[in-house]
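As stored in model01.cif (mmCIF, C-alpha atoms):
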data_start
loop_
_atom_site.group_PDB
_atom_site.id
_atom_site.type_symbol
_atom_site.label_atom_id
_atom_site.label_comp_id
_atom_site.auth_asym_id
_atom_site.auth_seq_id
_atom_site.Cartn_x
_atom_site.Cartn_y
_atom_site.Cartn_z
ATOM 1 C CA MET S 1 44.443 36.645 18.546
ATOM 2 C CA ILE S 2 41.172 35.274 17.096
ATOM 3 C CA ASN S 3 39.333 37.375 14.566
ATOM 4 C CA PRO S 4 35.961 38.571 16.153
ATOM 5 C CA MET S 5 34.001 37.137 13.213
ATOM 6 C CA ARG S 6 35.609 33.700 13.605
ATOM 7 C CA ARG S 7 34.987 33.878 17.347
ATOM 8 C CA ARG S 8 31.281 34.489 16.759
ATOM 9 C CA VAL S 9 31.057 31.576 14.287
ATOM 10 C CA LEU S 10 32.872 29.367 16.786
ATOM 11 C CA GLN S 11 30.520 30.402 19.607
ATOM 12 C CA PHE S 12 27.414 29.612 17.486
ATOM 13 C CA GLY S 13 29.004 26.306 16.494
ATOM 14 C CA ILE S 14 29.522 25.315 20.131
ATOM 15 C CA ILE S 15 25.965 26.372 21.083
ATOM 16 C CA GLY S 16 24.547 24.405 18.125
ATOM 17 C CA LEU S 17 26.558 21.290 18.950
ATOM 18 C CA THR S 18 25.494 21.446 22.601
ATOM 19 C CA ALA S 19 21.843 21.777 21.527
ATOM 20 C CA CYS S 20 22.131 18.755 19.194
ATOM 21 C CA LEU S 21 23.821 16.586 21.793
ATOM 22 C CA GLY S 22 21.299 17.666 24.396
ATOM 23 C CA SER S 23 18.284 16.808 22.221
ATOM 24 C CA LEU S 24 19.418 13.295 21.258
ATOM 25 C CA PRO S 25 18.681 11.636 24.590
ATOM 26 C CA ALA S 26 15.365 13.527 24.720
ATOM 27 C CA GLN S 27 14.378 12.088 21.318
ATOM 28 C CA ASP S 28 15.423 8.614 22.430
ATOM 29 C CA LYS S 29 13.363 8.958 25.590
ATOM 30 C CA GLU S 30 10.318 10.051 23.568
ATOM 31 C CA GLN S 31 10.746 7.038 21.255
ATOM 32 C CA GLU S 32 11.045 4.733 24.264
ATOM 33 C CA ARG S 33 7.855 6.209 25.681
ATOM 34 C CA LEU S 34 6.024 5.715 22.367
ATOM 35 C CA ILE S 35 7.249 2.115 22.088
ATOM 36 C CA ARG S 36 6.049 1.430 25.639
ATOM 37 C CA GLN S 37 2.637 2.926 24.818
ATOM 38 C CA ARG S 38 2.378 0.870 21.618
ATOM 39 C CA GLU S 39 3.270 -2.351 23.430
ATOM 40 C CA GLN S 40 0.855 -1.599 26.229
ATOM 41 C CA LYS S 41 -1.955 -1.035 23.731
ATOM 42 C CA LEU S 42 -1.214 -4.286 21.940
ATOM 43 C CA LYS S 43 -1.575 -6.115 25.257
ATOM 44 C CA ALA S 44 -5.096 -4.710 25.795
ATOM 45 C CA ASN S 45 -7.687 -7.230 26.962
ATOM 46 C CA PHE S 46 -10.064 -6.683 24.056
ATOM 47 C CA LEU S 47 -7.340 -7.817 21.657
ATOM 48 C CA LYS S 48 -7.160 -11.183 23.418
ATOM 49 C CA LYS S 49 -10.800 -11.891 22.669
ATOM 50 C CA ALA S 50 -10.239 -12.459 18.945
ATOM 51 C CA ASP S 51 -7.480 -13.403 16.550
ATOM 52 C CA TRP S 52 -6.296 -9.897 15.581
ATOM 53 C CA ILE S 53 -3.453 -9.523 13.089
ATOM 54 C CA THR S 54 -1.313 -6.430 13.627
ATOM 55 C CA ASP S 55 0.843 -6.740 10.500
ATOM 56 C CA TYR S 56 -0.768 -5.137 7.431
ATOM 57 C CA ASP S 57 1.207 -7.209 4.900
ATOM 58 C CA GLN S 58 0.350 -10.411 6.729
ATOM 59 C CA ALA S 59 -3.347 -9.466 6.912
ATOM 60 C CA ARG S 60 -3.548 -8.837 3.167
ATOM 61 C CA ALA S 61 -1.634 -12.012 2.296
ATOM 62 C CA LYS S 62 -3.875 -14.120 4.547
ATOM 63 C CA ALA S 63 -7.060 -12.465 3.231
ATOM 64 C CA LYS S 64 -5.967 -13.198 -0.329
ATOM 65 C CA GLN S 65 -5.042 -16.774 0.503
ATOM 66 C CA GLU S 66 -8.349 -17.445 2.287
ATOM 67 C CA ASP S 67 -10.441 -15.293 -0.102
ATOM 68 C CA LYS S 68 -11.777 -13.143 2.737
ATOM 69 C CA MET S 69 -12.438 -9.499 3.466
ATOM 70 C CA ILE S 70 -10.429 -7.628 6.087
ATOM 71 C CA PHE S 71 -12.130 -5.862 8.966
ATOM 72 C CA VAL S 72 -9.740 -3.144 10.110
ATOM 73 C CA TYR S 73 -9.758 -1.402 13.476
ATOM 74 C CA PHE S 74 -7.641 1.757 13.602
ATOM 75 C CA THR S 75 -6.725 2.829 17.078
ATOM 76 C CA ARG S 76 -3.946 4.483 19.072
ATOM 77 C CA SER S 77 -2.696 4.448 22.626
ATOM 78 C CA TYR S 78 -5.203 6.927 24.060
ATOM 79 C CA ALA S 79 -8.201 5.912 21.930
ATOM 80 C CA PRO S 80 -10.777 3.142 22.519
ATOM 81 C CA MET W 81 -10.024 -11.501 8.833
ATOM 82 C CA LEU W 82 -9.391 -9.119 11.727
ATOM 83 C CA PHE W 83 -6.637 -6.548 11.402
ATOM 84 C CA LEU W 84 -5.720 -4.007 14.034
ATOM 85 C CA HIS W 85 -3.649 -0.964 13.168
ATOM 86 C CA ASN W 86 -2.248 0.865 16.139
ATOM 87 C CA THR W 87 -1.249 4.237 14.670
ATOM 88 C CA SER W 88 1.957 5.310 16.353
ATOM 89 C CA ARG W 89 4.792 7.801 16.006
ATOM 90 C CA VAL W 90 7.392 5.100 16.702
ATOM 91 C CA ALA W 91 10.187 5.711 14.179
ATOM 92 C CA ASP W 92 10.298 2.209 12.654
ATOM 93 C CA GLU W 93 6.509 1.840 12.496
ATOM 94 C CA PRO W 94 5.491 0.447 9.088
ATOM 95 C CA TYR W 95 2.582 2.196 7.338
ATOM 96 C CA PRO W 96 2.441 5.230 9.654
ATOM 97 C CA ARG W 97 -0.100 6.943 7.349
ATOM 98 C CA LEU W 98 -2.359 3.942 6.789
ATOM 99 C CA LEU W 99 -5.408 5.544 8.447
ATOM 100 C CA HIS W 100 -5.019 8.636 6.267
ATOM 101 C CA GLU W 101 -4.555 6.469 3.151
ATOM 102 C CA LYS W 102 -7.866 4.750 3.904
ATOM 103 C CA ASP W 103 -9.612 8.138 4.289
ATOM 104 C CA GLY W 104 -10.049 7.621 8.002
ATOM 105 C CA SER W 105 -10.169 10.465 10.460
ATOM 106 C CA GLY W 106 -10.112 10.049 14.198
ATOM 107 C CA PHE W 107 -9.876 7.038 16.416
ATOM 108 C CA PRO W 108 -11.239 4.492 16.403
ATOM 109 C CA THR W 109 -12.037 4.063 12.713
ATOM 110 C CA LEU W 110 -13.579 0.841 11.444
ATOM 111 C CA ALA W 111 -13.676 -0.336 7.858
ATOM 112 C CA PHE W 112 -13.998 -3.367 5.638
ATOM 113 C CA LEU W 113 -11.172 -3.787 3.140
ATOM 114 C CA ASP W 114 -10.694 -6.145 0.217
ATOM 115 C CA SER W 115 -7.654 -8.402 0.184
ATOM 116 C CA ASP W 116 -5.637 -5.715 -1.657
ATOM 117 C CA GLY W 117 -6.396 -3.214 1.110
ATOM 118 C CA GLY W 118 -8.989 -1.210 -0.862
ATOM 119 C CA VAL W 119 -11.814 0.216 1.270
ATOM 120 C CA LEU W 120 -15.095 -1.620 0.586
ATOM 121 C CA SER W 121 -17.277 0.073 3.168
ATOM 122 C CA ARG W 122 -17.538 1.325 6.734
ATOM 123 C CA PRO W 123 -20.136 0.274 9.296
ATOM 124 C CA ARG W 124 -22.620 3.152 9.779
ATOM 125 C CA SER W 125 -21.883 3.177 13.524
ATOM 126 C CA ARG W 126 -19.707 1.424 16.104
ATOM 127 C CA THR W 127 -22.246 -1.210 17.084
ATOM 128 C CA VAL W 128 -22.488 -4.971 16.626
ATOM 129 C CA GLU W 129 -25.710 -4.486 14.633
ATOM 130 C CA ALA W 130 -24.041 -2.055 12.238
ATOM 131 C CA PHE W 131 -21.091 -4.435 11.823
ATOM 132 C CA LYS W 132 -23.381 -7.381 11.055
ATOM 133 C CA GLU W 133 -25.556 -5.318 8.698
ATOM 134 C CA THR W 134 -22.601 -3.985 6.669
ATOM 135 C CA HIS W 135 -20.887 -7.370 6.656
ATOM 136 C CA ALA W 136 -24.015 -9.115 5.327
ATOM 137 C CA LEU W 137 -24.565 -6.425 2.679
ATOM 138 C CA LEU W 138 -20.963 -6.733 1.527
ATOM 139 C CA GLU W 139 -21.079 -10.534 1.358
ATOM 140 C CA ASN W 140 -24.265 -10.383 -0.729
ATOM 141 C CA TRP W 141 -22.973 -7.567 -2.911
ATOM 142 C CA LEU W 142 -19.683 -9.354 -3.677
ATOM 143 C CA ASP W 143 -21.584 -12.524 -4.503
ATOM 144 C CA ALA W 144 -24.041 -10.662 -6.789
ATOM 145 C CA LYS W 145 -21.225 -8.645 -8.368
ATOM 146 C CA ALA W 146 -19.384 -11.817 -9.401
ATOM 147 C CA LYS W 147 -22.589 -13.032 -11.099
ATOM 148 C CA VAL W 148 -23.376 -9.697 -12.797
ATOM 149 C CA ASP W 149 -19.779 -9.427 -14.015
ATOM 150 C CA ALA W 150 -20.212 -12.897 -15.532
ATOM 151 C CA GLY W 151 -23.340 -11.674 -17.393
ATOM 152 C CA ASP W 152 -25.998 -13.146 -15.084
ATOM 153 C CA LYS W 153 -28.894 -10.657 -15.327
ATOM 154 C CA SER W 154 -30.866 -12.478 -12.609
ATOM 155 C CA ALA W 155 -28.409 -11.095 -10.048
ATOM 156 C CA VAL W 156 -28.958 -7.427 -11.033
ATOM 157 C CA PHE W 157 -31.575 -6.777 -8.350
ATOM 158 C CA ALA W 158 -29.371 -8.265 -5.584
ATOM 159 C CA TYR W 159 -26.397 -6.322 -6.933
ATOM 160 C CA LEU W 160 -28.245 -2.990 -6.901
ATOM 161 C CA SER W 161 -30.190 -3.509 -3.677
ATOM 162 C CA THR W 162 -26.931 -4.181 -1.808
ATOM 163 C CA GLY W 163 -24.518 -2.047 -3.804
ATOM 164 C CA ILE W 164 -26.526 1.206 -3.602
ATOM 165 C CA PRO W 165 -26.765 1.350 0.228
ATOM 166 C CA LEU W 166 -23.069 0.459 0.385
ATOM 167 C CA LYS W 167 -22.338 3.268 -2.107
ATOM 168 C CA ARG W 168 -20.473 0.779 -4.268
ATOM 169 C CA VAL W 169 -22.799 1.655 -7.169
ATOM 170 C CA ASN W 170 -23.340 5.295 -8.094
ATOM 171 C CA GLN W 171 -26.568 6.868 -9.340
ATOM 172 C CA PHE W 172 -25.562 6.799 -13.009
ATOM 173 C CA GLN W 173 -24.488 3.133 -12.890
ATOM 174 C CA ALA W 174 -27.642 2.167 -10.989
ATOM 175 C CA GLU W 175 -29.984 3.902 -13.431
ATOM 176 C CA GLN W 176 -28.150 2.484 -16.426
ATOM 177 C CA LEU W 177 -28.268 -1.067 -15.090
ATOM 178 C CA ARG W 178 -31.936 -0.725 -14.034
ATOM 179 C CA ASP W 179 -32.904 0.533 -17.493
ATOM 180 C CA SER W 180 -30.984 -2.212 -19.284
ATOM 181 C CA THR W 181 -32.605 -4.981 -17.227
ATOM 182 C CA PRO W 182 -36.192 -5.467 -18.450
ATOM 183 C CA ASP W 183 -36.563 -8.616 -16.351
ATOM 184 C CA LEU W 184 -36.850 -6.608 -13.113
ATOM 185 C CA SER W 185 -40.343 -6.880 -11.631
ATOM 186 C CA GLU W 186 -42.389 -3.765 -10.904
ATOM 187 C CA LYS W 187 -41.830 -4.246 -7.175
ATOM 188 C CA GLN W 188 -38.066 -4.610 -7.658
ATOM 189 C CA ARG W 189 -37.982 -1.558 -9.898
ATOM 190 C CA LYS W 190 -39.783 0.509 -7.235
ATOM 191 C CA GLU W 191 -37.352 -0.664 -4.581
ATOM 192 C CA ILE W 192 -34.376 0.270 -6.740
ATOM 193 C CA ASP W 193 -35.931 3.672 -7.480
ATOM 194 C CA SER W 194 -36.347 4.272 -3.751
ATOM 195 C CA LEU W 195 -32.673 3.415 -3.115
ATOM 196 C CA ILE W 196 -31.568 5.676 -5.967
ATOM 197 C CA LEU W 197 -33.612 8.507 -4.445
ATOM 198 C CA SER W 198 -31.844 7.979 -1.106
ATOM 199 C CA LEU W 199 -28.490 8.003 -2.865
ATOM 200 C CA GLU W 200 -29.379 11.239 -4.666
ATOM 201 C CA VAL W 201 -30.596 12.957 -1.490
ATOM 202 C CA ASP W 202 -27.682 11.679 0.598
ATOM 203 C CA HIS W 203 -25.311 13.168 -1.967
ATOM 204 C CA ILE W 204 -26.921 16.608 -1.553
ATOM 205 C CA VAL W 205 -27.123 16.374 2.252
ATOM 206 C CA THR W 206 -23.535 15.189 2.680
ATOM 207 C CA LEU W 207 -21.740 17.265 0.082
ATOM 208 C CA GLU W 208 -23.874 20.391 -0.123
ATOM 209 C CA GLY W 209 -25.767 20.423 3.180
ATOM 210 C CA HIS W 210 -23.470 23.093 4.649
ATOM 211 C CA ASP W 211 -24.406 25.457 1.803
ATOM 212 C CA LEU W 212 -28.093 26.066 2.534
ATOM 213 C CA ALA W 213 -28.599 28.427 -0.402
ATOM 214 C CA LEU W 214 -27.558 25.552 -2.685
ATOM 215 C CA ALA W 215 -28.952 22.483 -0.899
ATOM 216 C CA GLY W 216 -32.163 24.044 0.492
ATOM 217 C CA PRO W 217 -34.014 24.718 -2.795
ATOM 218 C CA LYS W 218 -32.934 21.335 -4.188
ATOM 219 C CA LEU W 219 -34.295 19.446 -1.184
ATOM 220 C CA LEU W 220 -37.417 21.587 -1.120
ATOM 221 C CA ALA W 221 -38.119 20.534 -4.709
ATOM 222 C CA PHE W 222 -37.874 16.887 -3.591
ATOM 223 C CA LEU W 223 -40.290 17.566 -0.713
ATOM 224 C CA GLU W 224 -42.781 19.341 -2.958
ATOM 225 C CA ALA W 225 -42.649 16.448 -5.421
ATOM 226 C CA ASP W 226 -43.314 14.064 -2.509
ATOM 227 C CA ARG W 227 -39.920 12.438 -3.083
ATOM 228 C CA VAL W 228 -38.736 11.783 0.459
ATOM 229 C CA PRO W 229 -36.216 8.987 1.183
ATOM 230 C CA ALA W 230 -37.789 5.937 2.775
ATOM 231 C CA ASP W 231 -34.747 5.063 4.899
ATOM 232 C CA GLY W 232 -32.501 6.789 7.464
ATOM 233 C CA VAL W 233 -31.362 9.346 4.868
ATOM 234 C CA ALA W 234 -34.657 11.131 5.590
ATOM 235 C CA LEU W 235 -33.252 12.319 8.927
ATOM 236 C CA GLY W 236 -30.517 14.337 7.183
ATOM 237 C CA PHE W 237 -33.003 15.417 4.507
ATOM 238 C CA TYR W 238 -35.348 16.995 7.075
ATOM 239 C CA ASP W 239 -32.428 18.314 9.115
ATOM 240 C CA VAL W 240 -30.992 20.347 6.212
ATOM 241 C CA LEU W 241 -34.479 21.524 5.263
ATOM 242 C CA MET W 242 -35.071 22.706 8.842
ATOM 243 C CA ASN W 243 -31.787 24.627 8.744
ATOM 244 C CA TYR W 244 -32.825 26.152 5.438
ATOM 245 C CA ALA W 245 -36.297 27.042 6.772
ATOM 246 C CA ALA W 246 -34.737 28.650 9.872
ATOM 247 C CA GLN W 247 -32.421 30.701 7.698
ATOM 248 C CA GLU W 248 -35.310 31.811 5.488
ATOM 249 C CA GLY W 249 -37.548 32.505 8.489
ATOM 250 C CA ASP W 250 -40.055 29.994 7.116
ATOM 251 C CA ARG W 251 -41.675 28.690 10.280
ATOM 252 C CA LYS W 252 -44.355 26.728 8.379
ATOM 253 C CA LEU W 253 -41.748 24.727 6.462
ATOM 254 C CA PHE W 254 -39.671 24.221 9.612
ATOM 255 C CA VAL W 255 -42.623 22.818 11.550
ATOM 256 C CA GLU W 256 -43.723 20.632 8.628
ATOM 257 C CA CYS W 257 -40.240 19.065 8.440
ATOM 258 C CA LEU W 258 -39.958 18.754 12.205
ATOM 259 C CA ARG W 259 -43.298 16.932 12.443
ATOM 260 C CA ALA W 260 -42.465 14.575 9.582
ATOM 261 C CA SER W 261 -39.006 13.818 10.982
ATOM 262 C CA LYS W 262 -40.316 13.309 14.518
ATOM 263 C CA LYS W 263 -43.010 10.978 13.249
ATOM 264 C CA ARG W 264 -40.359 8.741 11.734
ATOM 265 C CA PHE W 265 -37.442 9.088 14.130
ATOM 266 C CA GLY W 266 -38.920 10.561 17.318
ATOM 267 C CA LYS W 267 -39.096 7.229 19.131
ATOM 268 C CA ILE W 268 -35.357 6.662 18.887
ATOM 269 C CA GLN W 269 -33.912 7.377 22.327
ATOM 270 C CA SER W 270 -30.700 9.002 21.078
ATOM 271 C CA TYR W 271 -32.652 11.596 19.056
ATOM 272 C CA ARG W 272 -34.837 12.819 21.947
ATOM 273 C CA LYS W 273 -32.620 15.809 22.749
ATOM 274 C CA TYR W 274 -32.306 16.662 19.069
ATOM 275 C CA PHE W 275 -36.081 16.927 18.680
ATOM 276 C CA LYS W 276 -36.466 18.832 21.938
ATOM 277 C CA ASP W 277 -33.911 21.387 20.746
ATOM 278 C CA ARG W 278 -35.612 21.635 17.356
ATOM 279 C CA GLU W 279 -38.988 22.246 19.006
ATOM 280 C CA ALA W 280 -37.485 25.062 21.069
ATOM 281 C CA GLN W 281 -35.928 26.463 17.907
ATOM 282 C CA ALA W 282 -39.279 26.379 16.064
ATOM 283 C CA LYS W 283 -40.762 28.865 18.544
ATOM 284 C CA LYS W 284 -38.052 31.402 17.818
ATOM 285 C CA ILE W 285 -38.258 31.425 14.034
ATOM 286 C CA ARG W 286 -39.158 34.812 12.606
ATOM 287 C CA LYS W 287 -39.100 36.256 9.102
ATOM 288 C CA PRO W 288 -35.803 38.077 8.591
ATOM 289 C CA ARG W 289 -36.233 41.864 8.304
#

Mind converting the file's structure to structure tokens?
Amino acid sequence: MINPMRRRVLQFGIIGLTACLGSLPAQDKEQERLIRQREQKLKANFLKKADWITDYDQARAKAKQEDKMIFVYFTRSYAP
Amino acid sequence: MLFLHNTSRVADEPYPRLLHEKDGSGFPTLAFLDSDGGVLSRPRSRTVEAFKETHALLENWLDAKAKVDAGDKSAVFAYLSTGIPLKRVNQFQAEQLRDSTPDLSEKQRKEIDSLILSLEVDHIVTLEGHDLALAGPKLLAFLEADRVPADGVALGFYDVLMNYAAQEGDRKLFVECLRASKKRFGKIQSYRKYFKDREAQAKKIRKPR
């Protein structure tokens, strides 16, 4: 016979494990959605009109090499 | 050099807090950075004109700065006349450099003084403008001494003074500021509603009991 205290701990353990396993695919799906949004934004038409760099390290290295300023445009998927 | 940062919550995204690190808030944010990533300036608005204006000022300021740093006093006027509007030179530095450069002509000195005044007023409007009990009397002293900024800073100057006048129930001051502001900025299409609202407000101003 299982001690009632141990049973309760076991029950919480099973509930917790189920919750963790259940949330993993949800997190993955959210990440997939965010990646899709990011890629979609980077394909935007206005970005094709000029030579935009999307890598910060690369932008700084190139600016240093060419002795230029950087003009930065901060945006996100739902913003202009 | 054009750099686009698409702020994202993707887990492997490098520099997820870059906008915050550059003191940006909201999207889109535009800024000019030096090659180390330090913020040089931001265009005053999201227009081609503002981009060109800020870009030209920065180019001239960087050029003048290199000369001033190398001890060339003939570049002081260019350095101050570009660096003050860009807020790359503060009031103390500007006054010190102006006073230690006797070669500046009278006309140049007046122009620098006018830019310093704008810097001084902009500081009050931006940092203290929400506190009318603090900013109001300071700006009123400028108005009474006939020290009104010659550039766009005057819009904020009159705006805070109108708020202060409304709070104090000083209709005469409110109308004086409204007239002066409208005379300078009333023809700008985007300010039409602002002035219309202010005119309606003027009619309602009463001395507080």

Which residues of chain W are close to chain S, meaning at most 6 Å apart when you count all atoms listed in the file, and how do they look as number ranges by chain? W: 81-87, 90, 107-115

For a test of reading the model, state the distance in Å between atom CA of Ala234 of chain W and atom CA of Gly209 of chain W, rounded to one decimal. 13.1 Å

With 3 Å on each side, where is the centre of the axis-aligned box around all listed atoms of segment 158-165 of chain W, and how long are its edges in Å to one decimal, as lines of an AutoDock Vina configuration file?
center_x = -27.4
center_y = -3.5
center_z = -3.4
size_x = 11.7
size_y = 15.6
size_z = 13.2

Taking all atoms listed in the file into account, name the residue in W:Lys273, W:Arg278, W:Lys283, W:Arg264 that is nearest to Asp239 of chain W.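 Using all atoms listed in the file, Asp239 of chain W sits closest to W:Arg278.
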
Care to translate the PyMOL selection byres ((chain W and resi 149-164) around 10) into actual residues of this file, as JSON, numbers by chain? {"W": [134, 136, 137, 138, 139, 140, 141, 142, 143, 144, 145, 146, 147, 148, 165, 166, 167, 168, 169, 170, 171, 173, 174, 175, 177, 178, 180, 181, 182, 183, 184, 185, 188, 189, 191, 192, 193, 194, 195, 196, 198, 199]}

Atom CA of Ser125 of chain W and atom CA of Phe265 of chain W, how far apart in Å?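 Distance reported for this atom pair: 16.7 Å.
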
Atom pair atom CA of Thr206 of chain W / atom CA of Pro229 of chain W: separation (Å):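 Rounded to one decimal, the two atoms are 14.2 Å apart.
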
Using the chain letters and numbers from the file, which residues does the PyMOL selection byres ((chain W and resi 249-253) around 7) grab, as a list in words? Ala245, Ala246, Gln247, Glu248, Phe254, Val255, Glu256, Cys257, Ala282, Ile285, Arg286, Lys287 and Pro288 of chain W

Hey, can you spit out that residue selection with C-alpha atoms as an mmCIF file, in the coordinates of the input?
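What follows is the written file out-v6.cif:
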data_model
loop_
_atom_site.group_PDB
_atom_site.id
_atom_site.type_symbol
_atom_site.label_atom_id
_atom_site.label_comp_id
_atom_site.auth_asym_id
_atom_site.auth_seq_id
_atom_site.Cartn_x
_atom_site.Cartn_y
_atom_site.Cartn_z
ATOM 1 C CA ALA W 245 -36.297 27.042 6.772
ATOM 2 C CA ALA W 246 -34.737 28.650 9.872
ATOM 3 C CA GLN W 247 -32.421 30.701 7.698
ATOM 4 C CA GLU W 248 -35.310 31.811 5.488
ATOM 5 C CA PHE W 254 -39.671 24.221 9.612
ATOM 6 C CA VAL W 255 -42.623 22.818 11.550
ATOM 7 C CA GLU W 256 -43.723 20.632 8.628
ATOM 8 C CA CYS W 257 -40.240 19.065 8.440
ATOM 9 C CA ALA W 282 -39.279 26.379 16.064
ATOM 10 C CA ILE W 285 -38.258 31.425 14.034
ATOM 11 C CA ARG W 286 -39.158 34.812 12.606
ATOM 12 C CA LYS W 287 -39.100 36.256 9.102
ATOM 13 C CA PRO W 288 -35.803 38.077 8.591
#

Matched chain/residue IDs from the PyMOL selection byres ((chain W and resi 212-221) around 8), as a ChimeraX atom specification: /W:201,204-205,208-211,222-225,237,240-241,243-244
